[in-house]
>>> print(open('query_1.txt').read())   # compact mmCIF, C-alpha atoms
# COMPACT_ATOMS: atom_id res chain seq x y z
CA MET I 1 0.00 0.00 0.00
CA SER I 2 1.34 3.43 -0.85
CA LEU I 3 2.25 5.82 1.92
CA ILE I 4 0.15 8.96 2.14
CA ILE I 5 1.12 11.57 4.70
CA THR I 6 -1.11 14.55 5.44
CA ILE I 7 0.33 17.50 7.31
CA GLY I 8 -1.77 20.03 9.20
CA ARG I 9 0.16 23.00 10.48
CA GLN I 10 -0.01 26.19 12.45
CA ASN I 11 1.19 29.14 10.41
CA GLY I 12 4.92 29.51 10.72
CA SER I 13 5.60 26.13 12.30
CA GLY I 14 7.43 24.89 9.21
CA GLY I 15 4.82 22.46 7.88
CA ARG I 16 5.45 23.20 4.24
CA GLU I 17 9.22 22.86 4.56
CA ILE I 18 8.82 19.63 6.55
CA GLY I 19 6.46 18.22 3.94
CA LYS I 20 8.87 19.05 1.14
CA ARG I 21 11.80 17.34 2.83
CA LEU I 22 9.75 14.30 3.76
CA ALA I 23 8.60 13.89 0.17
CA LYS I 24 12.17 14.18 -1.05
CA ASP I 25 13.57 11.71 1.51
CA LEU I 26 10.82 9.18 0.92
CA SER I 27 10.76 9.76 -2.87
CA ILE I 28 7.05 10.47 -3.00
CA ALA I 29 5.07 13.32 -4.53
CA PHE I 30 4.56 16.63 -2.74
CA TYR I 31 1.35 18.65 -2.83
CA ASP I 32 0.81 22.04 -1.32
CA ASN I 33 -0.11 25.17 -3.28
CA ASN I 34 0.29 23.22 -6.50
CA LEU I 35 -3.07 21.59 -5.67
CA LEU I 36 -4.64 24.89 -6.68
CA ALA I 37 -3.16 24.83 -10.15
CA LEU I 38 -4.30 21.23 -10.55
CA THR I 39 -7.81 22.15 -9.48
CA ALA I 40 -7.82 25.16 -11.79
CA GLN I 41 -6.76 22.99 -14.70
CA ARG I 42 -9.52 20.53 -14.08
CA THR I 43 -12.33 22.99 -13.44
CA ASN I 44 -11.46 26.22 -15.26
CA PHE I 45 -11.72 28.06 -11.95
CA ASP I 46 -9.93 31.37 -11.81
CA LEU I 47 -6.58 30.67 -10.19
CA GLN I 48 -6.12 34.14 -8.70
CA TYR I 49 -9.53 34.05 -7.08
CA MET I 50 -8.84 30.60 -5.73
CA GLU I 51 -5.61 31.74 -4.17
CA LYS I 52 -7.49 34.41 -2.28
CA ARG I 53 -10.29 32.17 -1.12
CA GLU I 54 -8.80 28.79 -0.42
CA GLU I 55 -8.39 27.52 3.13
CA ARG I 56 -11.03 29.97 4.24
CA ALA I 57 -14.60 29.55 5.37
CA PRO I 58 -17.11 31.36 3.18
CA GLY I 59 -17.85 34.85 4.43
CA LEU I 60 -21.29 36.21 5.12
CA TRP I 61 -21.64 37.86 1.70
CA ALA I 62 -20.47 34.81 -0.17
CA SER I 63 -23.15 32.74 1.49
CA PHE I 64 -25.78 35.31 0.42
CA ALA I 65 -24.41 35.36 -3.09
CA LEU I 66 -24.81 31.63 -3.49
CA GLY I 67 -25.85 31.00 -7.05
CA VAL I 68 -25.51 34.63 -8.12
CA PRO I 69 -22.65 35.21 -10.58
CA MET I 70 -20.08 37.56 -9.11
CA GLY I 71 -18.74 40.41 -11.23
CA GLY I 72 -15.24 40.37 -12.55
CA ILE I 73 -14.66 36.68 -12.11
CA SER I 74 -14.28 34.51 -15.13
CA ALA I 75 -16.95 31.84 -15.49
CA PRO I 76 -17.74 29.42 -14.03
CA THR I 77 -18.33 31.27 -10.79
CA VAL I 78 -16.20 30.02 -7.94
CA LEU I 79 -17.79 29.95 -4.54
CA PRO I 80 -15.84 28.78 -1.52
CA ASP I 81 -18.03 25.72 -1.15
CA ASN I 82 -17.47 24.58 -4.74
CA LEU I 83 -13.84 25.43 -4.35
CA PHE I 84 -13.53 23.16 -1.33
CA GLN I 85 -15.41 20.31 -3.00
CA GLU I 86 -13.33 20.53 -6.16
CA GLN I 87 -10.11 20.82 -4.20
CA ALA I 88 -11.18 17.71 -2.27
CA GLU I 89 -11.68 15.88 -5.56
CA THR I 90 -8.18 16.88 -6.62
CA ILE I 91 -6.75 15.64 -3.32
CA LYS I 92 -8.55 12.31 -3.66
CA SER I 93 -7.33 11.86 -7.19
CA VAL I 94 -3.68 12.57 -6.37
CA ALA I 95 -3.93 10.19 -3.42
CA ARG I 96 -5.14 7.47 -5.76
CA GLN I 97 -2.07 7.94 -7.90
CA GLY I 98 0.30 6.72 -5.19
CA GLY I 99 2.42 7.79 -2.26
CA CYS I 100 2.50 11.49 -1.46
CA VAL I 101 2.73 14.20 1.15
CA ILE I 102 -0.19 16.64 1.23
CA VAL I 103 0.04 19.86 3.21
CA GLY I 104 -3.07 21.49 4.65
CA ARG I 105 -6.44 21.78 2.92
CA ALA I 106 -8.06 19.60 5.60
CA SER I 107 -6.57 16.68 3.68
CA ASN I 108 -6.65 14.45 6.77
CA TYR I 109 -10.43 14.88 6.74
CA VAL I 110 -10.84 14.69 2.96
CA LEU I 111 -8.96 11.37 2.94
CA ARG I 112 -10.59 9.98 6.07
CA ASP I 113 -11.80 6.87 4.25
CA ILE I 114 -8.39 5.74 3.13
CA PRO I 115 -5.38 4.82 5.29
CA THR I 116 -3.12 7.81 5.81
CA VAL I 117 -0.59 9.03 8.34
CA ASP I 118 -1.94 12.29 9.72
CA VAL I 119 0.61 14.64 11.21
CA PHE I 120 0.12 18.03 12.82
CA VAL I 121 3.02 20.40 13.40
CA TYR I 122 2.83 23.31 15.77
CA ALA I 123 5.11 25.51 17.85
CA PRO I 124 4.87 28.25 20.47
CA LEU I 125 3.83 31.55 18.87
CA LYS I 126 7.15 33.16 19.74
CA ASP I 127 9.11 30.53 17.80
CA ARG I 128 6.78 30.80 14.83
CA VAL I 129 7.09 34.58 14.68
CA GLU I 130 10.88 34.32 14.84
CA ARG I 131 10.91 31.73 12.09
CA LYS I 132 8.68 33.80 9.82
CA LEU I 133 10.69 36.97 10.40
CA ALA I 134 13.91 35.18 9.51
CA LEU I 135 12.35 33.96 6.28
CA LEU I 136 11.03 37.36 5.18
CA PRO I 137 12.68 39.02 2.20
CA PRO I 138 14.28 42.33 3.31
CA GLU I 139 11.75 44.50 1.44
CA GLU I 140 8.87 43.04 3.45
CA LYS I 141 10.46 43.53 6.87
CA CYS I 142 8.03 44.05 9.71
CA SER I 143 8.16 44.19 13.48
CA PHE I 144 7.76 41.27 15.86
CA ALA I 145 4.38 42.55 17.02
CA GLU I 146 3.10 42.94 13.46
CA MET I 147 4.11 39.43 12.57
CA GLU I 148 2.55 38.12 15.75
CA LYS I 149 -0.71 39.76 14.76
CA LYS I 150 -0.51 38.41 11.23
CA LEU I 151 0.10 34.85 12.35
CA THR I 152 -2.66 34.94 14.91
CA ALA I 153 -5.11 36.22 12.30
CA ALA I 154 -3.96 33.62 9.77
CA ASP I 155 -4.41 30.85 12.33
CA LYS I 156 -7.87 32.12 13.14
CA ALA I 157 -8.90 32.05 9.48
CA ARG I 158 -7.52 28.56 9.10
CA ALA I 159 -9.32 27.32 12.20
CA LYS I 160 -12.57 28.73 10.85
CA PHE I 161 -12.02 27.06 7.50
CA TYR I 162 -11.24 23.73 9.10
CA SER I 163 -14.18 23.64 11.46
CA TYR I 164 -16.57 24.92 8.78
CA TYR I 165 -15.83 22.07 6.42
CA THR I 166 -14.97 19.25 8.81
CA GLY I 167 -17.10 19.98 11.85
CA MET I 168 -14.04 19.35 14.01
CA ASN I 169 -11.79 21.66 15.97
CA TRP I 170 -8.62 22.73 14.25
CA GLY I 171 -5.30 22.20 15.96
CA PRO I 172 -3.05 19.55 17.38
CA GLY I 173 -4.70 16.72 19.25
CA PRO I 174 -5.69 13.08 19.31
CA ASP I 175 -7.33 13.25 15.87
CA PHE I 176 -3.83 13.09 14.42
CA ASP I 177 -1.44 10.17 14.50
CA LEU I 178 1.42 12.36 15.49
CA ASN I 179 1.67 15.95 16.71
CA VAL I 180 5.12 17.48 16.72
CA ASN I 181 6.10 20.69 18.43
CA THR I 182 8.85 22.08 16.19
CA GLY I 183 9.88 24.71 18.73
CA LYS I 184 12.59 22.57 20.30
CA ILE I 185 13.71 20.44 17.36
CA GLY I 186 13.15 22.61 14.30
CA VAL I 187 12.25 21.53 10.80
CA GLU I 188 15.02 18.99 10.46
CA GLY I 189 14.24 17.38 13.79
CA ALA I 190 10.57 17.11 12.91
CA VAL I 191 11.41 15.42 9.62
CA GLU I 192 13.51 12.90 11.51
CA VAL I 193 10.76 12.23 14.07
CA ILE I 194 8.12 11.75 11.38
CA GLU I 195 10.40 9.41 9.47
CA THR I 196 10.95 7.42 12.66
CA TYR I 197 7.18 7.19 12.99
CA VAL I 198 6.80 5.94 9.43
CA LYS I 199 9.56 3.37 9.93
CA ASN I 200 7.82 2.06 13.03
CA LEU I 201 4.38 1.70 11.48
CA LYS I 202 3.13 -1.74 12.38
CA GLU I 203 2.40 -4.31 9.70
CA ASN I 204 -1.28 -4.08 10.47
CA ALA I 205 -1.16 -0.37 11.28
CA PHE I 206 -4.13 0.41 9.10
CA ALA I 207 -6.34 -2.33 10.46
CA PHE I 208 -8.29 0.18 12.54
CA MET M 1 20.21 20.30 35.10
CA SER M 2 19.44 17.17 33.23
CA LEU M 3 16.66 15.66 31.23
CA VAL M 4 13.19 14.88 32.55
CA ILE M 5 10.54 13.20 30.41
CA THR M 6 6.90 13.61 31.36
CA ILE M 7 4.29 11.29 29.89
CA GLY M 8 0.60 12.12 29.91
CA ARG M 9 -1.63 9.37 28.62
CA GLN M 10 -5.15 8.32 27.81
CA ASN M 11 -6.05 5.21 29.77
CA GLY M 12 -4.88 2.11 27.94
CA SER M 13 -2.59 3.85 25.48
CA GLY M 14 0.49 2.23 26.96
CA GLY M 15 1.95 5.11 28.98
CA HIS M 16 3.37 2.99 31.77
CA GLN M 17 5.05 0.53 29.41
CA VAL M 18 6.51 3.28 27.26
CA ALA M 19 7.91 4.92 30.40
CA GLU M 20 9.36 1.62 31.63
CA LYS M 21 11.15 0.98 28.34
CA LEU M 22 12.48 4.54 28.19
CA CYS M 23 13.88 4.15 31.70
CA GLU M 24 15.51 0.88 30.72
CA LYS M 25 17.17 2.42 27.67
CA LEU M 26 18.25 5.66 29.30
CA GLY M 27 18.98 4.37 32.79
CA PHE M 28 16.44 6.82 34.21
CA ALA M 29 14.30 6.55 37.34
CA LEU M 30 10.60 5.89 36.85
CA TYR M 31 7.88 7.73 38.73
CA ASP M 32 4.40 6.38 38.22
CA ASN M 33 2.29 4.56 40.80
CA ASN M 34 5.31 4.36 43.08
CA LEU M 35 4.56 8.03 43.75
CA LEU M 36 1.56 6.78 45.70
CA GLU M 37 3.71 4.69 48.02
CA MET M 38 6.03 7.65 48.47
CA VAL M 39 3.11 9.89 49.39
CA ALA M 40 1.78 7.28 51.78
CA GLN M 41 5.15 6.86 53.44
CA GLU M 42 5.69 10.57 53.77
CA GLY M 43 2.42 11.18 55.54
CA ASP M 44 2.18 7.77 57.20
CA ASP M 45 -1.07 7.16 55.33
CA ASN M 46 -2.77 4.09 53.99
CA PRO M 47 -1.59 3.51 50.36
CA SER M 48 -5.06 2.48 49.21
CA GLU M 49 -6.44 5.68 50.67
CA VAL M 50 -3.83 7.65 48.68
CA GLU M 51 -4.80 5.76 45.56
CA ARG M 52 -8.43 6.66 46.05
CA HIS M 53 -7.55 10.34 45.69
CA ASP M 54 -4.85 9.94 43.06
CA GLU M 55 -5.41 11.95 39.84
CA LYS M 56 -8.85 12.99 40.97
CA ALA M 57 -10.48 16.40 41.08
CA PRO M 58 -11.97 17.29 44.45
CA GLY M 59 -15.68 16.58 44.78
CA GLY M 60 -18.44 19.12 44.59
CA PHE M 61 -19.97 21.41 47.15
CA TRP M 62 -21.27 18.78 49.57
CA SER M 63 -18.09 16.78 49.84
CA ARG M 64 -16.17 20.01 50.40
CA LEU M 65 -18.60 20.99 53.09
CA ALA M 66 -18.13 17.61 54.71
CA GLN M 67 -14.37 18.11 54.62
CA ALA M 68 -14.57 21.60 56.04
CA LYS M 69 -14.80 20.29 59.57
CA ASN M 70 -11.35 18.74 59.17
CA TYR M 71 -9.52 21.93 58.42
CA ASP M 72 -8.45 22.63 61.97
CA GLN M 73 -7.22 19.10 62.62
CA ILE M 74 -3.51 18.54 63.07
CA ASP M 75 -3.51 15.51 60.80
CA PRO M 76 -6.49 15.98 58.44
CA PRO M 77 -7.62 13.04 56.32
CA LEU M 78 -6.41 12.77 52.73
CA THR M 79 -8.20 14.62 49.94
CA PRO M 80 -7.38 15.02 46.24
CA ASP M 81 -5.84 18.38 47.19
CA THR M 82 -3.45 16.98 49.77
CA VAL M 83 -2.45 14.08 47.52
CA PHE M 84 -1.83 16.40 44.56
CA ALA M 85 0.19 18.75 46.74
CA ALA M 86 2.33 15.90 48.06
CA GLN M 87 2.88 14.55 44.55
CA THR M 88 3.80 18.00 43.29
CA ARG M 89 6.48 18.29 45.98
CA LEU M 90 7.85 14.86 45.10
CA ILE M 91 7.87 15.63 41.36
CA LEU M 92 9.68 18.94 41.87
CA LYS M 93 12.23 17.16 44.03
CA ALA M 94 12.74 14.42 41.44
CA ALA M 95 13.16 17.08 38.76
CA GLU M 96 15.99 18.68 40.72
CA THR M 97 18.20 15.70 40.00
CA GLY M 98 16.53 14.93 36.66
CA LYS M 99 17.22 11.76 34.71
CA CYS M 100 13.74 10.47 35.29
CA VAL M 101 10.45 9.70 33.54
CA ILE M 102 7.26 10.85 35.24
CA VAL M 103 3.93 9.36 34.21
CA GLY M 104 0.76 11.43 34.58
CA ARG M 105 0.03 13.59 37.64
CA ALA M 106 -0.01 16.73 35.44
CA ALA M 107 3.80 16.64 35.58
CA ASN M 108 3.99 18.52 32.28
CA TYR M 109 2.19 21.39 33.98
CA ILE M 110 4.17 21.19 37.21
CA LEU M 111 7.39 21.32 35.20
CA ALA M 112 6.11 23.72 32.52
CA LYS M 113 8.85 26.28 33.12
CA ARG M 114 11.67 23.76 33.50
CA ARG M 115 14.19 23.56 30.70
CA GLU M 116 15.48 20.22 29.49
CA THR M 117 12.07 18.69 29.86
CA VAL M 118 10.43 16.71 27.08
CA LYS M 119 6.67 16.50 27.43
CA VAL M 120 4.89 13.65 25.72
CA PHE M 121 1.23 12.74 25.51
CA LEU M 122 0.05 9.32 24.34
CA THR M 123 -3.31 8.62 22.74
CA ALA M 124 -4.86 5.71 20.88
CA PRO M 125 -8.28 4.98 19.41
CA LEU M 126 -10.73 3.77 22.06
CA GLU M 127 -11.07 0.47 20.25
CA ALA M 128 -7.33 -0.18 20.40
CA ARG M 129 -7.10 0.86 24.02
CA ALA M 130 -9.95 -1.41 25.03
CA ARG M 131 -8.34 -4.32 23.20
CA ARG M 132 -5.05 -3.65 24.92
CA LYS M 133 -6.65 -3.53 28.36
CA MET M 134 -8.70 -6.67 27.69
CA ALA M 135 -5.53 -8.57 26.82
CA MET M 136 -4.09 -7.61 30.21
CA LEU M 137 -7.08 -8.97 32.16
CA PRO M 138 -6.83 -12.37 33.86
CA GLU M 139 -8.83 -15.05 32.13
CA GLY M 140 -12.44 -15.54 33.09
CA SER M 141 -12.78 -12.01 34.43
CA GLY M 142 -16.18 -11.75 32.78
CA VAL M 143 -15.51 -8.23 31.51
CA THR M 144 -16.93 -7.65 28.03
CA PRO M 145 -15.26 -5.33 25.49
CA GLU M 146 -18.28 -3.08 25.84
CA ASP M 147 -17.75 -2.82 29.62
CA MET M 148 -14.11 -2.03 29.03
CA ARG M 149 -14.86 0.74 26.55
CA LYS M 150 -17.32 2.32 28.96
CA LEU M 151 -14.86 2.04 31.82
CA LEU M 152 -12.10 3.68 29.78
CA VAL M 153 -14.33 6.57 28.80
CA LYS M 154 -15.25 7.07 32.44
CA MET M 155 -11.64 6.91 33.60
CA ASP M 156 -10.62 9.39 30.91
CA GLU M 157 -13.34 11.74 32.04
CA ALA M 158 -12.11 11.60 35.63
CA ARG M 159 -8.55 12.22 34.50
CA ALA M 160 -9.58 15.14 32.30
CA LYS M 161 -11.44 16.63 35.23
CA PHE M 162 -8.43 16.22 37.48
CA TYR M 163 -6.16 17.89 34.93
CA ARG M 164 -8.59 20.69 34.28
CA HIS M 165 -9.07 21.38 37.96
CA TYR M 166 -5.40 21.70 38.87
CA THR M 167 -3.94 23.17 35.68
CA GLY M 168 -6.80 25.23 34.26
CA SER M 169 -6.08 23.85 30.81
CA LEU M 170 -7.55 21.14 28.70
CA TRP M 171 -6.21 17.65 29.22
CA GLY M 172 -4.34 16.35 26.19
CA ALA M 173 -4.45 19.70 24.38
CA ALA M 174 -1.20 19.46 22.47
CA GLU M 175 -0.04 23.01 23.17
CA GLY M 176 1.18 21.80 26.53
CA TYR M 177 3.29 19.03 25.01
CA ASP M 178 6.25 18.58 22.68
CA LEU M 179 5.06 15.38 21.13
CA VAL M 180 1.62 13.77 20.97
CA ILE M 181 1.70 10.22 19.70
CA ASN M 182 -1.12 7.94 18.69
CA THR M 183 0.27 4.56 19.78
CA GLY M 184 -2.42 2.69 17.84
CA LYS M 185 -0.37 2.48 14.67
CA VAL M 186 3.17 2.27 16.06
CA GLY M 187 2.72 0.45 19.37
CA VAL M 188 4.79 0.82 22.52
CA GLU M 189 8.09 0.11 20.77
CA GLY M 190 7.40 2.66 18.06
CA ALA M 191 6.50 5.32 20.59
CA VAL M 192 9.75 4.68 22.49
CA GLU M 193 11.77 5.02 19.27
CA LEU M 194 9.99 8.26 18.45
CA ILE M 195 10.63 9.81 21.84
CA LEU M 196 14.29 8.82 21.66
CA ALA M 197 14.54 10.39 18.19
CA PHE M 198 12.95 13.56 19.52
CA ILE M 199 15.40 13.75 22.45
CA GLU M 200 18.33 13.16 20.12
CA LYS M 201 17.23 16.02 17.87
CA ALA M 202 16.51 18.36 20.75
CA LYS M 203 19.99 17.65 22.08
CA ALA M 204 21.53 18.44 18.71
CA GLY M 205 19.71 21.75 18.79
CA SER M 206 21.50 22.21 22.13
CA ASP M 207 18.23 22.75 23.93
CA LEU M 208 18.79 19.65 26.01
CA ALA M 209 22.54 19.22 25.70
CA ASP M 210 24.04 18.46 29.09
CA GLY M 211 25.28 21.62 30.67
CA VAL M 212 24.31 23.78 27.71
CA THR M 213 20.87 25.16 28.35
CA ARG M 214 19.34 27.72 26.09
CA GLY M 215 16.18 29.54 27.03
CA LYS M 216 13.10 29.08 24.93
>>> encode(input="query_1.txt", output="structure tokens")
Amino acid sequence: MSLIITIGRQNGSGGREIGKRLAKDLSIAFYDNNLLALTAQRTNFDLQYMEKREERAPGLWASFALGVPMGGISAPTVLPDNLFQEQAETIKSVARQGGCVIVGRASNYVLRDIPTVDVFVYAPLKDRVERKLALLPPEEKCSFAEMEKKLTAADKARAKFYSYYTGMNWGPGPDFDLNVNTGKIGVEGAVEVIETYVKNLKENAFAF
Amino acid sequence: MSLVITIGRQNGSGGHQVAEKLCEKLGFALYDNNLLEMVAQEGDDNPSEVERHDEKAPGGFWSRLAQAKNYDQIDPPLTPDTVFAAQTRLILKAAETGKCVIVGRAANYILAKRRETVKVFLTAPLEARARRKMAMLPEGSGVTPEDMRKLLVKMDEARAKFYRHYTGSLWGAAEGYDLVINTGKVGVEGAVELILAFIEKAKAGSDLADGVTRGK
């Protein structure tokens, strides 16, 4: 059976980087933002609009506008709900193609009917802010407090998205197979720990 | 200062065994139910009486009222409060020397500010936990899997209440831990390997390196 790893992540905890390295080490495919392009290809959705709306719960106005074409967006109209459903289809289809690492997009929930290893990475806010600041290009420099605000808001939006579509609470916890705090061990350490987990998967691990 | 590992656990997820194996591999001291004997010895109390109040939240209004009459006694009877306080003292003392694994007793919270502490929480699906517990029962015990599942849920509830009461945070909420492992898919051995890998990496990052402590 092919190995499918889903990675949920708090903003700034290094989930994307961890996913990339895992995929490389394990020689399996890597899906993150590229899922959007795949979905756009399949559905003719407007890519720019999708980028703005994905991993978000529909806002109040969008739910009113259901079924009403929105100005300025190329047809067919993309509403967050359709976007989520189509993105879910894309995730299912890439999972059918073989082993892969999928970051975010509630993929642990989307793929709940097939055996996957669900990982969540998180870290104390302070560590995440520091990490993000270090990664910023010089022209986008901002203060610690600004970044803290940004991350908190981004987490909030993600939590809303997750609970809207899955009915579960977003965040680390027993719904995942493994939750790793990257604060103490960093990206590399987390990769190592997750690989140790994969190596130790029991023969009948997916019997549950 | 040296390393302390704390292990929180859902009932039946293998916390005690994981701790035992870690101690074997690292040559650490284990603190689990032996804390009860230590508490009993310290206060010259009955061990079974200590156990009755172990990892429990105090009762509601009426039981507190009933206890109120004991407050001016020189040697008041045990309550969840006194047992938790005694355990907290013992855990803090054990952490002074380090090189130990502490199971449960909200040790992750008690040692929240301590550096060189790796905090682990173990979970597993209810089904797997019930199966594990059933296998440990003596034959002919007459306990059905259904009974076991119900019992586990009840025990988890009591533990969550205990944790909530003394720490003010949610039991098992991963923010309070470094590593939360579902032992269902990797078993006790796998969990031990994982924790060792985590410690190794944390050491490399110098956060846990002996003598070299860096604030986080």
>>> interface_residues(input="query_1.txt", of="chain M", to="chain I", cutoff="6 Å", atoms="only C-alpha atoms", output="count of residues only")
14
>>> atom_distance(input="query_1.txt", atom1="CA of Ala29 in chain M", atom2="CA of Ser169 in chain M")
27.5 Å
>>> atom_distance(input="query_1.txt", atom1="CA of Glu96 in chain M", atom2="CA of Ile199 in chain M")
18.9 Å
>>> residues_around(input="query_1.txt", residues="range 157-169 of chain I", least_positions_apart="4", cutoff="8 Å", atoms="only C-alpha atoms", output="ChimeraX atom specification")
/I:55-58,106,109,153
>>> closest_residue(input="query_1.txt", among="M:Ala57, M:Ala135, M:Leu126, M:Leu170", to="Leu151 in chain M", atoms="all atoms listed in the file")
M:Leu126
>>> closest_residue(input="query_1.txt", among="M:Gln10, M:Asn108, M:Thr79, M:Gln41", to="Thr123 in chain M", atoms="only C-alpha atoms")
M:Gln10
>>> residues_near_point(input="query_1.txt", point="(-2.0, 8.3, 8.1)", cutoff="8 Å", atoms="all atoms listed in the file", output="list in words")
Leu3, Ile4, Ile5, Thr6, Asn108, Pro115, Thr116, Val117, Asp118, Val119 and Asp177 of chain I
>>> atom_distance(input="query_1.txt", atom1="CA of Leu125 in chain I", atom2="CA of Ala112 in chain M")
15.9 Å
>>> residues_around(input="query_1.txt", residues="Lys93 in chain M", least_positions_apart="2", cutoff="12 Å", atoms="all atoms listed in the file", output="list in words")
Val4, Tyr31, Leu35, Ala86, Gln87, Thr88, Arg89, Leu90, Ile91, Ala95, Glu96, Thr97, Gly98, Lys99, Cys100, Ile102, Ala107, Ile110 and Leu111 of chain M
>>> residues_around(input="query_1.txt", residues="range 136-152 of chain I", least_positions_apart="6", cutoff="9 Å", atoms="all atoms listed in the file", output="VMD selection string")
chain I and resid 10 to 12 125 to 126 128 to 130
>>> write_last_selection(input="query_1.txt", atoms="C-alpha atoms", output="compact mmCIF listing (two decimals), keeping the file's coordinate frame")
# COMPACT_ATOMS: atom_id res chain seq x y z
CA GLN I 10 -0.01 26.19 12.45
CA ASN I 11 1.19 29.14 10.41
CA GLY I 12 4.92 29.51 10.72
CA LEU I 125 3.83 31.55 18.87
CA LYS I 126 7.15 33.16 19.74
CA ARG I 128 6.78 30.80 14.83
CA VAL I 129 7.09 34.58 14.68
CA GLU I 130 10.88 34.32 14.84
>>> residues_around(input="query_1.txt", residues="Ile7 in chain M", least_positions_apart="3", cutoff="6 Å", atoms="only C-alpha atoms", output="compact mmCIF listing (two decimals) with C-alpha atoms, in the coordinates of the input")
# COMPACT_ATOMS: atom_id res chain seq x y z
CA VAL M 103 3.93 9.36 34.21
CA GLY M 104 0.76 11.43 34.58
CA VAL M 120 4.89 13.65 25.72
CA PHE M 121 1.23 12.74 25.51
>>> axis_aligned_box(input="query_1.txt", around="range 5-13 of chain M", padding_each_side="8 Å", output="AutoDock Vina command-line options")
--center_x 2.2 --center_y 7.9 --center_z 28.4 --size_x 32.6 --size_y 27.5 --size_z 21.9
>>> residues_around(input="query_1.txt", residues="Tyr166 in chain M", least_positions_apart="5", cutoff="12 Å", atoms="only C-alpha atoms", output="compact mmCIF listing (two decimals) with C-alpha atoms, in the frame of the given file")
# COMPACT_ATOMS: atom_id res chain seq x y z
CA GLU M 55 -5.41 11.95 39.84
CA LYS M 56 -8.85 12.99 40.97
CA ALA M 57 -10.48 16.40 41.08
CA PRO M 58 -11.97 17.29 44.45
CA PRO M 80 -7.38 15.02 46.24
CA ASP M 81 -5.84 18.38 47.19
CA VAL M 83 -2.45 14.08 47.52
CA PHE M 84 -1.83 16.40 44.56
CA ALA M 85 0.19 18.75 46.74
CA THR M 88 3.80 18.00 43.29
CA ARG M 105 0.03 13.59 37.64
CA ALA M 106 -0.01 16.73 35.44
CA ALA M 107 3.80 16.64 35.58
CA ASN M 108 3.99 18.52 32.28
CA TYR M 109 2.19 21.39 33.98
CA ILE M 110 4.17 21.19 37.21
CA ARG M 159 -8.55 12.22 34.50
CA ALA M 160 -9.58 15.14 32.30
CA LYS M 161 -11.44 16.63 35.23
CA TRP M 171 -6.21 17.65 29.22
